[in-house]
Each structure stands twice: as C-alpha cells, then as structure tokens.
file data.cif (mmCIF, C-alpha atoms (C1' of nucleotides))
data_target
loop_
_atom_site.label_atom_id
_atom_site.label_comp_id
_atom_site.auth_asym_id
_atom_site.auth_seq_id
_atom_site.Cartn_x
_atom_site.Cartn_y
_atom_site.Cartn_z
CA MET A 1 0.00 0.00 0.00
CA ARG A 2 2.15 2.79 -1.36
CA ARG A 3 0.97 6.14 -0.15
CA ASP A 4 3.07 9.04 -1.34
CA ILE A 5 2.29 12.27 -3.10
CA PHE A 6 3.31 11.00 -6.52
CA GLN A 7 1.02 8.03 -6.30
CA ALA A 8 -1.71 10.36 -5.04
CA ILE A 9 -1.57 12.72 -8.00
CA ALA A 10 -1.31 9.86 -10.49
CA ASP A 11 -5.08 9.50 -10.65
CA PRO A 12 -6.82 12.12 -12.83
CA THR A 13 -9.88 12.27 -10.58
CA ARG A 14 -7.68 13.01 -7.59
CA ARG A 15 -5.88 15.75 -9.52
CA ALA A 16 -9.28 17.24 -10.34
CA ILE A 17 -10.32 17.05 -6.70
CA ILE A 18 -7.12 18.78 -5.69
CA ALA A 19 -7.73 21.56 -8.19
CA LEU A 20 -11.33 21.91 -7.00
CA ILE A 21 -10.67 22.27 -3.31
CA ALA A 22 -7.63 24.41 -3.93
CA LEU A 23 -10.08 27.23 -4.59
CA GLN A 24 -12.38 26.62 -1.63
CA ALA A 25 -13.06 24.00 1.03
CA MET A 26 -15.77 21.54 0.01
CA THR A 27 -17.77 18.64 1.43
CA PRO A 28 -17.54 15.14 -0.09
CA ASN A 29 -21.04 15.45 -1.56
CA ALA A 30 -20.27 18.81 -3.14
CA ILE A 31 -17.07 17.38 -4.60
CA ALA A 32 -18.83 14.28 -5.91
CA ASP A 33 -21.34 16.47 -7.75
CA ASN A 34 -18.51 17.44 -10.06
CA PHE A 35 -17.70 13.89 -11.09
CA ASN A 36 -19.35 10.95 -12.71
CA THR A 37 -18.91 8.63 -9.74
CA THR A 38 -20.48 7.93 -6.39
CA ARG A 39 -19.77 9.89 -3.24
CA GLN A 40 -18.19 6.76 -1.78
CA ALA A 41 -15.65 6.61 -4.57
CA VAL A 42 -14.78 10.26 -3.95
CA SER A 43 -14.57 9.44 -0.26
CA LYS A 44 -11.92 6.83 -1.00
CA HIS A 45 -9.92 9.36 -2.99
CA LEU A 46 -10.22 11.83 -0.13
CA ARG A 47 -8.91 9.20 2.24
CA ILE A 48 -5.85 8.62 0.10
CA LEU A 49 -5.23 12.34 -0.23
CA THR A 50 -5.65 12.75 3.52
CA GLU A 51 -3.28 9.89 4.27
CA CYS A 52 -0.45 11.57 2.41
CA GLU A 53 -1.43 14.90 3.97
CA LEU A 54 -2.21 16.63 0.71
CA ILE A 55 -5.58 17.76 2.09
CA LYS A 56 -7.03 18.49 5.51
CA GLN A 57 -10.49 18.17 7.06
CA GLU A 58 -12.55 20.60 9.06
CA HIS A 59 -15.64 19.22 10.78
CA GLN A 60 -18.66 21.46 10.88
CA GLY A 61 -21.71 19.80 12.40
CA ARG A 62 -22.32 16.67 10.40
CA GLU A 63 -20.47 18.05 7.39
CA ILE A 64 -16.78 17.72 6.72
CA TYR A 65 -15.02 20.36 4.69
CA TYR A 66 -11.92 19.31 2.81
CA SER A 67 -9.30 21.78 1.70
CA LEU A 68 -5.87 21.69 0.11
CA GLU A 69 -2.68 21.56 2.14
CA VAL A 70 -0.85 23.83 -0.26
CA ASN A 71 2.50 23.45 1.41
CA LYS A 72 2.52 19.73 0.71
CA MET A 73 2.30 20.49 -2.99
CA LYS A 74 5.69 22.09 -2.68
CA GLU A 75 7.22 18.65 -2.25
CA ILE A 76 6.51 17.94 -5.89
CA ASP A 77 8.12 21.23 -6.75
CA LYS A 78 11.08 20.24 -4.64
CA TRP A 79 11.50 16.97 -6.57
CA LEU A 80 11.36 18.89 -9.83
CA GLU A 81 14.17 21.10 -8.61
CA GLN A 82 16.92 18.72 -9.75
CA PHE A 83 15.56 18.71 -13.30
CA ARG A 84 14.91 22.39 -13.34
CA ALA A 85 18.64 22.73 -12.80
CA ILE A 86 19.23 20.66 -15.93
CA TRP A 87 16.85 22.45 -18.21
CA GLU A 88 18.20 25.78 -17.07
CA THR A 89 21.75 24.59 -17.68
CA ARG A 90 20.81 23.67 -21.23
CA PHE A 91 19.54 27.19 -21.71
CA ASN A 92 22.83 28.54 -20.40
CA GLN A 93 24.78 26.33 -22.77
CA LEU A 94 22.72 27.67 -25.64
CA ASP A 95 23.47 31.19 -24.45
CA GLU A 96 27.18 30.42 -24.45
CA LEU A 97 26.99 28.92 -27.92
CA LEU A 98 25.24 32.00 -29.25
CA LEU A 99 27.83 34.18 -27.56
CA ASP A 100 30.67 32.18 -29.13
CA MET A 101 29.11 32.49 -32.56
CA LYS A 102 28.75 36.19 -32.05
CA ASN A 103 32.37 36.58 -30.99
CA GLN A 104 33.59 34.63 -33.99
CA SER A 105 31.76 36.79 -36.49
CA MET B 1 -4.18 1.76 -20.23
CA ARG B 2 -3.55 5.21 -18.82
CA ARG B 3 -0.30 6.58 -20.01
CA ASP B 4 0.39 10.08 -18.85
CA ILE B 5 3.32 11.72 -17.10
CA PHE B 6 1.71 11.65 -13.69
CA GLN B 7 1.10 7.95 -13.88
CA ALA B 8 4.66 7.53 -15.14
CA ILE B 9 6.28 9.27 -12.18
CA ALA B 10 4.00 7.53 -9.67
CA ASP B 11 6.32 4.54 -9.48
CA PRO B 12 9.43 5.08 -7.31
CA THR B 13 11.62 2.91 -9.53
CA ARG B 14 10.64 4.99 -12.55
CA ARG B 15 11.43 8.19 -10.68
CA ALA B 16 14.83 6.73 -9.84
CA ILE B 17 15.40 5.79 -13.48
CA ILE B 18 14.50 9.30 -14.53
CA ALA B 19 16.95 10.76 -12.04
CA LEU B 20 19.64 8.33 -13.22
CA ILE B 21 19.46 9.01 -16.93
CA ALA B 22 18.97 12.71 -16.35
CA LEU B 23 22.70 12.86 -15.72
CA GLN B 24 23.78 10.72 -18.66
CA ALA B 25 22.33 8.40 -21.28
CA MET B 26 22.38 4.76 -20.20
CA THR B 27 21.61 1.30 -21.58
CA PRO B 28 18.90 -0.90 -20.02
CA ASN B 29 21.52 -3.24 -18.55
CA ALA B 30 23.44 -0.38 -17.00
CA ILE B 31 20.23 1.01 -15.54
CA ALA B 32 19.15 -2.37 -14.20
CA ASP B 33 22.48 -2.71 -12.36
CA ASN B 34 21.26 0.06 -10.08
CA PHE B 35 18.13 -1.74 -9.01
CA ASN B 36 17.10 -4.93 -7.36
CA THR B 37 15.09 -6.20 -10.32
CA THR B 38 15.63 -7.88 -13.65
CA ARG B 39 16.55 -6.04 -16.83
CA GLN B 40 13.19 -7.03 -18.26
CA ALA B 41 11.36 -5.24 -15.47
CA VAL B 42 13.44 -2.14 -16.14
CA SER B 43 12.68 -2.59 -19.81
CA LYS B 44 8.98 -2.39 -19.07
CA HIS B 45 9.49 0.81 -17.11
CA LEU B 46 11.49 2.23 -20.00
CA ARG B 47 8.64 1.39 -22.35
CA ILE B 48 6.15 3.25 -20.21
CA LEU B 49 8.47 6.24 -19.93
CA THR B 50 9.03 6.16 -23.68
CA GLU B 51 5.32 5.95 -24.42
CA CYS B 52 4.65 9.19 -22.60
CA GLU B 53 7.76 10.71 -24.19
CA LEU B 54 9.56 11.35 -20.94
CA ILE B 55 12.67 9.64 -22.30
CA LYS B 56 14.19 9.02 -25.72
CA GLN B 57 16.29 6.24 -27.25
CA GLU B 58 19.46 6.37 -29.25
CA HIS B 59 20.56 3.15 -30.93
CA GLN B 60 24.27 2.46 -31.04
CA GLY B 61 25.10 -0.91 -32.52
CA ARG B 62 23.19 -3.45 -30.48
CA GLU B 63 22.99 -1.14 -27.52
CA ILE B 64 20.23 1.35 -26.87
CA TYR B 65 20.98 4.46 -24.87
CA TYR B 66 18.11 6.04 -23.00
CA SER B 67 18.15 9.65 -21.94
CA LEU B 68 15.76 12.11 -20.38
CA GLU B 69 13.49 14.35 -22.42
CA VAL B 70 13.93 17.25 -20.06
CA ASN B 71 11.34 19.41 -21.75
CA LYS B 72 8.62 16.92 -21.02
CA MET B 73 9.34 17.32 -17.32
CA LYS B 74 8.19 20.89 -17.65
CA GLU B 75 4.62 19.67 -18.05
CA ILE B 76 4.61 18.71 -14.40
CA ASP B 77 5.95 22.13 -13.61
CA LYS B 78 3.17 23.59 -15.71
CA TRP B 79 0.51 21.71 -13.76
CA LEU B 80 2.03 22.94 -10.52
CA GLU B 81 1.72 26.49 -11.78
CA GLN B 82 -1.88 26.91 -10.62
CA PHE B 83 -0.94 25.93 -7.07
CA ARG B 84 2.21 27.98 -7.10
CA ALA B 85 -0.10 30.93 -7.66
CA ILE B 86 -1.96 30.01 -4.49
CA TRP B 87 1.01 29.52 -2.24
CA GLU B 88 2.58 32.71 -3.51
CA THR B 89 -0.67 34.58 -2.87
CA ARG B 90 -0.55 33.39 0.71
CA PHE B 91 2.95 34.75 0.96
CA ASN B 92 1.74 38.06 -0.41
CA GLN B 93 -1.08 38.14 2.13
CA LEU B 94 1.51 37.61 4.82
CA ASP B 95 3.56 40.42 3.36
CA GLU B 96 0.54 42.71 3.48
CA LEU B 97 -0.19 41.70 7.03
CA LEU B 98 3.35 42.48 8.08
CA LEU B 99 3.16 45.78 6.23
CA ASP B 100 -0.08 46.68 8.03
CA MET B 101 1.46 45.84 11.38
CA LYS B 102 4.42 48.01 10.54
CA ASN B 103 2.23 50.93 9.50
CA GLN B 104 0.21 50.69 12.68
CA SER B 105 3.21 50.84 14.96
"C1'" DA C 1 29.97 -20.56 -38.77
"C1'" DA C 2 29.03 -20.96 -33.88
"C1'" DT C 3 28.53 -18.49 -29.64
"C1'" DT C 4 27.82 -14.63 -26.71
"C1'" DT C 5 25.63 -10.35 -25.68
"C1'" DG C 6 21.92 -6.75 -25.56
"C1'" DC C 7 17.55 -6.14 -26.24
"C1'" DG C 8 12.11 -6.17 -26.56
"C1'" DA C 9 7.89 -9.01 -26.47
"C1'" DA C 10 4.84 -12.48 -24.72
"C1'" DA C 11 2.81 -15.36 -21.25
"C1'" DC C 12 1.90 -15.69 -16.77
"C1'" DC C 13 0.98 -14.31 -11.76
"C1'" DA C 14 0.17 -12.01 -7.21
"C1'" DA C 15 -0.93 -7.67 -5.48
"C1'" DA C 16 -2.78 -3.09 -5.85
"C1'" DT C 17 -6.30 -0.01 -7.63
"C1'" DG C 18 -10.65 2.18 -8.42
"C1'" DG C 19 -15.17 1.39 -8.52
"C1'" DT C 20 -19.84 -0.28 -6.62
"C1'" DT C 21 -23.32 -1.67 -3.16
"C1'" DT C 22 -24.49 -2.17 1.46
"C1'" DC C 23 -24.10 -0.90 6.04
"C1'" DA C 24 -23.55 1.71 10.64
"C1'" DC C 25 -23.53 5.92 12.87
"C1'" DA C 26 -23.75 10.50 13.98
"C1'" DT C 27 -26.26 15.03 13.36
"C1'" DA C 28 -30.03 17.73 11.72
"C1'" DT C 29 -35.04 18.31 10.89
"C1'" DA C 30 -40.20 17.05 10.96
"C1'" DT D 1 -39.44 10.56 18.60
"C1'" DA D 2 -39.25 9.33 13.86
"C1'" DT D 3 -37.08 10.52 9.59
"C1'" DA D 4 -33.79 12.55 6.52
"C1'" DT D 5 -29.07 13.77 5.60
"C1'" DG D 6 -23.90 13.55 5.52
"C1'" DT D 7 -20.41 10.67 6.20
"C1'" DG D 8 -16.74 6.72 6.54
"C1'" DA D 9 -16.01 1.71 6.46
"C1'" DA D 10 -16.51 -2.93 4.82
"C1'" DA D 11 -17.27 -6.43 1.43
"C1'" DC D 12 -16.93 -7.42 -3.06
"C1'" DC D 13 -15.37 -7.23 -8.07
"C1'" DA D 14 -13.08 -6.31 -12.61
"C1'" DT D 15 -9.07 -4.20 -14.21
"C1'" DT D 16 -4.42 -2.53 -13.89
"C1'" DT D 17 0.13 -2.92 -12.31
"C1'" DG D 18 4.74 -4.51 -11.59
"C1'" DG D 19 7.24 -8.37 -11.49
"C1'" DT D 20 9.20 -12.96 -13.34
"C1'" DT D 21 10.46 -16.49 -16.73
"C1'" DT D 22 10.86 -17.79 -21.34
"C1'" DC D 23 11.53 -16.73 -25.92
"C1'" DG D 24 13.18 -14.75 -30.53
"C1'" DC D 25 16.18 -11.78 -32.90
"C1'" DA D 26 19.93 -8.79 -34.26
"C1'" DA D 27 24.58 -7.36 -33.47
"C1'" DA D 28 29.19 -8.44 -31.73
"C1'" DT D 29 32.77 -11.81 -30.78
"C1'" DT D 30 35.14 -16.35 -31.15
#
call {"tool": "encode", "arguments": {"input": "data.cif", "output": "structure tokens"}}
result
Amino acid sequence: MRRDIFQAIADPTRRAIIALIALQAMTPNAIADNFNTTRQAVSKHLRILTECELIKQEHQGREIYYSLEVNKMKEIDKWLEQFRAIWETRFNQLDELLLDMKNQS
Amino acid sequence: MRRDIFQAIADPTRRAIIALIALQAMTPNAIADNFNTTRQAVSKHLRILTECELIKQEHQGREIYYSLEVNKMKEIDKWLEQFRAIWETRFNQLDELLLDMKNQS
DNA sequence: AATTTGCGAAACCAAATGGTTTCACATATA
DNA sequence: TATATGTGAAACCATTTGGTTTCGCAAATT
C-alpha cells in the first residue's frame, strides 16, 4: 500500500479534486457532484489524499469540509528542482553557444 | 491503459530511473544494475516512460541508450503552476499583514 | 559458422487499484 | 421521537500494475 504524493496525484480524478478544493473547502457530496462517480468513490480518494497529507479536514456539524494543504504540494516542486537545474543549464549552454558564434563573427 | 506523465512518475523505480538518466544516457543493462530487479522489469518501465515521451532512445550498434526528455518534465511544472499561484498569494497576504502591522506601529 | 551479448515481447501471476453496493452511525429536521 | 441527511467503512469485483520467466532476434565476438 504505497501512499506518497506522486502516487496520489497519479489519478486524474484526484488531480481534479485537488484543483477543486484548492479554490475553496468543500464537502464530499459537493465534490462528488462534479464527477461521474459515487460519493463513496470520492470518499476513498479523499482518504488517500488525507493519508499523504495533501488535504485536511474541518468538521462542521455533520459536514466535513476538505481543503488543500498547499505546502505539501511544494514537495513535488522540490523533486522537480533537480531537473529544473538541468533544463536551465541547457539554456545557459545555448546562451554560451550563441555568444561564441557572435564573438567569432 | 492510462499513459500520462503523472502515472509515469508515480512509481518510485521509474522516478529513480528518470533521475539516473537525467545525468547521462544509459543502456537498459546499466540502468538495471542500479536496481534490485531484472533487466526485463526495467525494460517495461522504459517502455512506459518512452510511451509518454519522458525519455528518448538512441541506438548504437546493439545497444540502446536512453536519456531524459527534459522538456517533457516541464509539463509537471506547468501543472504545478496553478498551485504555485496560491502559495505565492498566501505569501503576499503575509507580506501585506506584516506591512499593516508596521504601519500601525 | 558458432557463440555470446543486448535487447524487446509475450505469457503468466500475485498484489494493488478504483469502482460499486451495502451498512452503521452521527447530526439535523419534521 | 421518527425521519432525513452527511459521512466513513466494509465487502466485493473487474481491471491494472509490476514483477518474473521464457523466448526470438539482431549485433558483436570467437
């Protein structure tokens, strides 16, 4: 039972849920209204997202509002960091090449 | 048969492969040496990564060198963009709060 | 020419995944 | 108090996933 952020965002429905509640906290029923599945299926997605702390709950009477834990999203950004370094380096190398060509002319 | 970037990076072994060949092109055997699985298993991962164009092949005799398609990685970055906006907004709100506190004192 | 090496594909398998239906249990509302 | 509503959990199921073993084939090496 893998349960990390990358596995969490692998499912398109979960990505949609994340995008939805990023804007405002929502209840499971309200979230489910936006998809073509049952509330229970959404509930299972919410559990997975909660388990890897990508979202948080706030109980309000018998309703539960789910909202995004934005900071957790930064972990994906952090993983991307190493590659960002590479694609920026490639840009730099292109810059140097262009500079060399300019100097030669 | 889902085959998108997010599904591709969901598997930890695939993320490790990506990180490996980001530094230098490698053959399947060389890649497999770094993991506790068979070359064939790695081969299947490479196929998935190839199918969603995260990596590219370069044939050299009977060897095949795999390397990262760095630009494709940017698509993840692009998806993160919408959330980056949110977490930066929160920073701005904090900035404003601090500014207000400063003005009041 | 015979053998070794590097590789992908196919067949197979156990485990994980994503969904459904049914249920139990609070909290509102009549 | 009886009923409706919002929810998570459990049982179940088909499909997907990630792995292995076996195989065929082309390119190197002997």
call {"tool": "interface_residues", "arguments": {"input": "data.cif", "of": "chain A", "to": "chain C", "cutoff": "12 Å", "atoms": "only C-alpha atoms (C1' of nucleotides)", "output": "ChimeraX atom specification"}}
result
/A:1-3,7-8,10-14,36-45,48,59-64
call {"tool": "resolve_selection", "arguments": {"input": "data.cif", "expression": "the PyMOL selection byres ((chain D) within 10 of (chain A))", "output": "list of chain:residue names"}}
result
D:DT5, D:DG6, D:DT7, D:DG8, D:DA9
call {"tool": "interface_residues", "arguments": {"input": "data.cif", "of": "chain A", "to": "chain B", "cutoff": "9 Å", "atoms": "only C-alpha atoms", "output": "ChimeraX atom specification"}}
result
/A:4-12,19,22-23,70-71,73-74,76-77,80,82-84,86-87
call {"tool": "atom_distance", "arguments": {"input": "data.cif", "atom1": "CA of Ile21 in chain A", "atom2": "CA of Tyr66 in chain A"}}
result
6.9 Å
call {"tool": "atom_distance", "arguments": {"input": "data.cif", "atom1": "CA of Ala30 in chain B", "atom2": "C1' of DA27 in chain D"}}
result
17.9 Å
call {"tool": "atom_distance", "arguments": {"input": "data.cif", "atom1": "CA of Lys72 in chain B", "atom2": "CA of Glu53 in chain A"}}
result
27.0 Å
call {"tool": "residues_near_point", "arguments": {"input": "data.cif", "point": "(-16.2, 23.9, 2.9)", "cutoff": "6 Å", "atoms": "all atoms listed in the file", "output": "PyMOL selection string"}}
result
chain A and resi 25-27+65
